[in-house]
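Quick notes on the structure that follows.
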Amino acid sequence: MRKEMLKICWTEIEAMDKEKTVVFIGIAPIEEHGRHLPLGVDIFETEHWMDDAMKQMEADFDDYTMIKMPMVPFGHANMKGIPGNIHLSQDMIYQITHAILNNLVSWGIKHMVVVSGHADPMHCIAIEQACDDVNKKAGIVAFAPMGAIFSDKVSGINKNASGKIENYINQFPNDYHAGWIETSCMMDIRPQLVNESYISQPDIIVSDKEMINPKCIMEKTKGFGHLGYPKHATRELGICLNQDTSEKICFCVSRFIKRKGYEPFVHHELYRIPFLRVKRSARRV
Ligand SMILES: [Zn+2]
């Protein structure tokens with residue numbers, strides 16, 4: 001059974017079997033996404049993937065209640081020089097996530113899943129650390145699979161889609177921001193919000209090395225706001241990409257609820273790099 005948090009009463013929460021209640025929390029920023037996409041791309045994606053994954057899991061977990069929280073519209077999203085970003089520090093994303101999870105723990109909730117459509121590693125890692133720290137005190141209750149999904153730790157779920165997508169990734173790599181990937185996803189989720197001008201946006205090609213240099217990135221994307229190849233987007237690709245992501249979320253979260261085999265998916269690939277993590281002094285440990 002699926003429920004929306006804003007529409008239930010506290011007495012329902014009190015009466016729920018907490019062993020069989022899963023709360024989904026979406027955290028993604030308001031952020032500029034080029035001249036052809038709205039500020040809410042990451043929020044629309046997060047909500048769409050979450051809804052889809054919840055729908056897919058309903059059959060397997062038919063005696064569970066899945067509660068969706070309203071989207072938290074914040075992120076660590078530092079696209080300087082272009083208006084449209086609500087950018088919070090990594091520490092603050094950690095604090096917000098930690099506070100939400102802690103409150104839910106006090107309700108007695110035993111399964112909490114944090115989803116984000118925002119792929120910035122420092123954003124994902126802050127969320128993962130908030131889960132880690134809550135888990136240290138409350139037992140394993142919180143899980144955030146997107147870092148693992150964005151760093152390709154979950155593969156081969158939707159073979160059909162993966163093949164098509166792989167060709168595109170090889171042809172148009174480093175499609176970091178508002179390029180063919182996000183434009184395609186939005187063509188599936190909210191086609192009316194994709195401006196036709198996507199077709200005339202230039203390819204903005206960046207290397208991995210350039211990507212870690214904010215000055216260089218802002219110079220390259222100046223006046224546009226995207227990084228990648230928006231003009232190559234199609235709705236068909238969007239359907240594949242969205243399905244693929246929802247299935248991966250479903251795959252990881254199902255394992256988490258059963259507490260079996262979810263462990264490889266608790267961290268982003270780059271979690272191992274200390275300077276990308278929230279410092280100990282800012283953490284609630
Ligand atoms: Zn985005």
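By convention in this document, the chains of the structure tokens carry letters A, B, ... by their order, each chain's residues are numbered from 1, and ligands are numbered from 1 in the order they are shown.
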
Counting only C-alpha atoms and all ligand atoms, which residues in chain A sit no more than 8 Å from ligand 1? For each one, give the nearest pair of atoms and the distance in Å, sorted by chain then residue number, as a Markdown table.
| residue | atom | partner | partner_atom_place_in_ligand_line | distance |
| --- | --- | --- | --- | --- |
| A:Glu31 | CA | ligand 1 | 1 (Zn) | 7.2 |
| A:His33 | CA | ligand 1 | 1 (Zn) | 6.5 |
| A:Val41 | CA | ligand 1 | 1 (Zn) | 5.7 |
| A:Asp42 | CA | ligand 1 | 1 (Zn) | 4.6 |
| A:Gly117 | CA | ligand 1 | 1 (Zn) | 6.7 |
| A:His118 | CA | ligand 1 | 1 (Zn) | 5.4 |
| A:Ala119 | CA | ligand 1 | 1 (Zn) | 7.2 |
| A:His177 | CA | ligand 1 | 1 (Zn) | 5.8 |
| A:Ala178 | CA | ligand 1 | 1 (Zn) | 6.2 |
| A:Glu182 | CA | ligand 1 | 1 (Zn) | 6.5 |

Where does segment 230-273 of chain A meet segment 133-153 of chain A within 8 Å, residue by residue, with the nearest atom pair and distance in Å to one decimal for each, counting only C-alpha atoms, listed by chain and rising number, as a Markdown table?
| residue | atom | partner | partner_atom | distance |
| --- | --- | --- | --- | --- |
| A:Thr245 | CA | A:Ile149 | CA | 7.7 |
| A:Lys248 | CA | A:Ile149 | CA | 7.0 |
| A:Ile249 | CA | A:Pro145 | CA | 6.7 |
| A:Cys252 | CA | A:Pro145 | CA | 6.5 |
| A:Val253 | CA | A:Pro145 | CA | 7.4 |
| A:Phe256 | CA | A:Phe143 | CA | 7.2 |
| A:Pro264 | CA | A:Lys153 | CA | 7.9 |
| A:Phe265 | CA | A:Ala148 | CA | 5.1 |
| A:Val266 | CA | A:Pro145 | CA | 5.9 |
| A:His267 | CA | A:Ala148 | CA | 5.6 |
| A:His268 | CA | A:Gly147 | CA | 4.0 |
| A:Glu269 | CA | A:Ser151 | CA | 5.7 |

- Neighbours of segment 45-60 of chain A within 8 Å (only C-alpha atoms; same-chain residues fewer than 2 positions away dropped), as a list of chain:residue names? A:Met1, A:Arg2, A:Phe24, A:Gly26, A:Ile27, A:Ala28, A:Val41, A:Asp42, A:Ile43, A:Asp62, A:Tyr64, A:Met66, A:Met71, A:Val115, A:Ser116, A:Gly117, A:Cys185, A:Met186, A:Ile189, A:Asn242, A:Gln243, A:Thr245, A:Ser246, A:Glu247, A:Ile249, A:Cys250, A:Ser254

- What are the DSSP strand (DSSP E or B) residues of segment 34-120 of chain A, as a PyMOL selection string? chain A and resi 37+65-68+72+75+87+111-115

- Task: Show which residues sit within 12 Å of Met16 of chain A, as a list of chain:residue names. Count only C-alpha atoms, and ignore same-chain residues fewer than 4 positions away.
- Result: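 Contacts, in chain order: A:Met1, A:Lys3, A:Ile8, A:Cys9, A:Trp10, A:Thr11, A:Glu12, A:Lys20, A:Thr21, A:Val22, A:Val23, A:Asp63, A:Tyr64, A:Thr65, A:Met66, A:Ile67, A:Trp107, A:Gly108, A:Ile109, A:Lys110.
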
- What is the atom CA of Pro73 of chain A-atom CA of Val285 of chain A distance in Å, reported with one decimal?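 Value for the atom CA of Pro73 of chain A-atom CA of Val285 of chain A distance: 25.5 Å.
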
Interface rows for segment 121-148 of chain A against segment 81-90 of chain A: nearest pair, Å to one decimal, 8 Å, only C-alpha atoms, as JSON lines:
{"residue": "A:Met122", "atom": "CA", "partner": "A:Gln90", "partner_atom": "CA", "distance": 6.5}
{"residue": "A:His123", "atom": "CA", "partner": "A:Gln90", "partner_atom": "CA", "distance": 6.3}
{"residue": "A:Ala126", "atom": "CA", "partner": "A:Gln90", "partner_atom": "CA", "distance": 6.1}

Written selection (N, CA, C and O atoms) as an mmCIF file, in the first residue's frame:
data_model
loop_
_atom_site.group_PDB
_atom_site.id
_atom_site.type_symbol
_atom_site.label_atom_id
_atom_site.label_comp_id
_atom_site.auth_asym_id
_atom_site.auth_seq_id
_atom_site.Cartn_x
_atom_site.Cartn_y
_atom_site.Cartn_z
ATOM 1 N N MET A 122 29.413 14.920 -3.939
ATOM 2 C CA MET A 122 29.428 15.444 -2.571
ATOM 3 C C MET A 122 28.023 15.508 -1.970
ATOM 4 O O MET A 122 27.845 15.372 -0.755
ATOM 5 N N HIS A 123 27.024 15.695 -2.819
ATOM 6 C CA HIS A 123 25.627 15.680 -2.377
ATOM 7 C C HIS A 123 25.249 14.252 -1.944
ATOM 8 O O HIS A 123 24.730 14.034 -0.850
ATOM 9 N N ALA A 126 27.128 13.172 1.300
ATOM 10 C CA ALA A 126 26.580 13.787 2.522
ATOM 11 C C ALA A 126 25.348 13.016 3.005
ATOM 12 O O ALA A 126 25.182 12.752 4.203
#

- Query: Any idea what's packed within 12 Å of Lys215 of chain A, counting only C-alpha atoms, ignoring anything in its chain fewer than 3 positions away? Could you give it as number ranges by chain?
  - Reply: A: 78-81, 210-212, 218-222

Could you save the residues just selected, with N, CA and C atoms, as an mmCIF file, in the first residue's frame?
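And here is the file that came out, result21.cif:
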data_model
loop_
_atom_site.group_PDB
_atom_site.id
_atom_site.type_symbol
_atom_site.label_atom_id
_atom_site.label_comp_id
_atom_site.auth_asym_id
_atom_site.auth_seq_id
_atom_site.Cartn_x
_atom_site.Cartn_y
_atom_site.Cartn_z
ATOM 1 N N ASN A 78 26.517 23.463 -7.026
ATOM 2 C CA ASN A 78 27.221 24.729 -7.140
ATOM 3 C C ASN A 78 27.490 25.169 -8.583
ATOM 4 N N MET A 79 26.420 25.539 -9.322
ATOM 5 C CA MET A 79 26.631 26.073 -10.668
ATOM 6 C C MET A 79 26.692 27.595 -10.568
ATOM 7 N N LYS A 80 27.856 28.114 -10.253
ATOM 8 C CA LYS A 80 28.011 29.567 -10.030
ATOM 9 C C LYS A 80 27.869 30.337 -11.337
ATOM 10 N N GLY A 81 27.430 31.600 -11.195
ATOM 11 C CA GLY A 81 27.442 32.493 -12.356
ATOM 12 C C GLY A 81 26.153 32.499 -13.156
ATOM 13 N N GLU A 210 38.664 18.476 -16.478
ATOM 14 C CA GLU A 210 38.087 19.826 -16.456
ATOM 15 C C GLU A 210 36.935 19.909 -15.464
ATOM 16 N N MET A 211 36.239 18.788 -15.307
ATOM 17 C CA MET A 211 35.043 18.755 -14.473
ATOM 18 C C MET A 211 35.344 19.114 -13.019
ATOM 19 N N ILE A 212 36.569 18.838 -12.553
ATOM 20 C CA ILE A 212 36.876 19.151 -11.148
ATOM 21 C C ILE A 212 37.443 20.573 -10.996
ATOM 22 N N MET A 218 32.654 26.851 -15.586
ATOM 23 C CA MET A 218 31.810 28.033 -15.754
ATOM 24 C C MET A 218 32.156 28.786 -17.028
ATOM 25 N N GLU A 219 33.417 28.769 -17.379
ATOM 26 C CA GLU A 219 33.840 29.418 -18.620
ATOM 27 C C GLU A 219 33.211 28.700 -19.820
ATOM 28 N N LYS A 220 33.260 27.384 -19.787
ATOM 29 C CA LYS A 220 32.749 26.596 -20.917
ATOM 30 C C LYS A 220 31.235 26.705 -21.092
ATOM 31 N N THR A 221 30.517 26.803 -19.962
ATOM 32 C CA THR A 221 29.050 26.755 -20.047
ATOM 33 C C THR A 221 28.414 28.152 -20.002
ATOM 34 N N LYS A 222 29.250 29.164 -19.921
ATOM 35 C CA LYS A 222 28.797 30.567 -19.818
ATOM 36 C C LYS A 222 27.711 30.889 -20.855
#

- Query: Can you tell me how far atom CA of Asn102 of chain A sits from atom CA of Asp132 of chain A, in Å to one decimal?
  - Reply: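 Distance between the two atoms: 11.7 Å.
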
- Just give me the gap between atom CA of Ile13 of chain A and atom CA of Gly261 of chain A in Å, one decimal is fine. 28.3 Å

- Surrounding residues of Tyr176 of chain A excluding itself and chain neighbours under 2 positions, 8 Å, only C-alpha atoms, as a PyMOL selection string: chain A and resi 174+178-179+226-228

- Item | For Arg280 of chain A: contacts at 12 Å, only C-alpha atoms, fewer than 2 positions along chain excluded, given as a list in words | Asp91, Tyr94, Ala126, Gln129, Ala130, Asp133, Pro274, Phe275, Arg277, Val278, Ala282, Arg283, Arg284 and Val285 of chain A

Export of the given selection (N, CA, C and O atoms) as a tab-separated table (two decimals), in the first residue's frame:
chain	number	residue	atom	x	y	z
A	91	ASP	N	27.80	20.31	4.35
A	91	ASP	CA	27.48	20.11	5.77
A	91	ASP	C	25.98	20.26	6.01
A	91	ASP	O	25.38	19.51	6.78
A	94	TYR	N	23.98	17.34	4.85
A	94	TYR	CA	24.14	16.29	5.87
A	94	TYR	C	23.21	16.55	7.06
A	94	TYR	O	22.49	15.66	7.51
A	126	ALA	N	27.13	13.17	1.30
A	126	ALA	CA	26.58	13.79	2.52
A	126	ALA	C	25.35	13.02	3.01
A	126	ALA	O	25.18	12.75	4.20
A	129	GLN	N	26.43	9.69	4.46
A	129	GLN	CA	27.02	9.83	5.80
A	129	GLN	C	25.93	10.07	6.86
A	129	GLN	O	26.05	9.58	7.99
A	130	ALA	N	24.89	10.82	6.49
A	130	ALA	CA	23.78	11.03	7.43
A	130	ALA	C	23.14	9.67	7.76
A	130	ALA	O	22.84	9.37	8.92
A	133	ASP	N	25.48	7.65	10.07
A	133	ASP	CA	25.53	8.11	11.46
A	133	ASP	C	24.25	7.79	12.22
A	133	ASP	O	24.29	7.46	13.41
A	274	PRO	N	38.71	11.02	1.05
A	274	PRO	CA	38.34	11.74	2.28
A	274	PRO	C	37.86	13.17	2.05
A	274	PRO	O	36.91	13.60	2.70
A	275	PHE	N	38.47	13.94	1.14
A	275	PHE	CA	38.07	15.36	1.04
A	275	PHE	C	36.70	15.54	0.39
A	275	PHE	O	36.16	16.64	0.36
A	277	ARG	N	34.15	13.99	1.62
A	277	ARG	CA	33.20	13.66	2.70
A	277	ARG	C	32.99	14.84	3.64
A	277	ARG	O	33.84	15.71	3.76
A	278	VAL	N	31.87	14.82	4.37
A	278	VAL	CA	31.61	15.79	5.43
A	278	VAL	C	32.63	15.52	6.54
A	278	VAL	O	32.84	14.36	6.92
A	282	ALA	N	31.69	18.32	11.69
A	282	ALA	CA	30.34	18.75	11.32
A	282	ALA	C	29.31	17.64	11.51
A	282	ALA	O	28.11	17.86	11.32
A	283	ARG	N	29.79	16.47	11.87
A	283	ARG	CA	28.89	15.31	11.93
A	283	ARG	C	28.31	15.10	13.33
A	283	ARG	O	28.88	15.57	14.32
A	284	ARG	N	27.20	14.40	13.36
A	284	ARG	CA	26.55	14.12	14.64
A	284	ARG	C	26.87	12.70	15.07
A	284	ARG	O	26.05	11.81	14.95
A	285	VAL	N	28.15	12.53	15.47
A	285	VAL	CA	28.54	11.18	15.89
A	285	VAL	C	28.96	11.15	17.35
A	285	VAL	O	29.23	12.17	17.95

- Out of A:Gln192, A:Pro38, A:Gln201, A:Phe61, which residue has the shortest atom-to-atom distance to Arg255 of chain A when counting only C-alpha atoms? A:Phe61
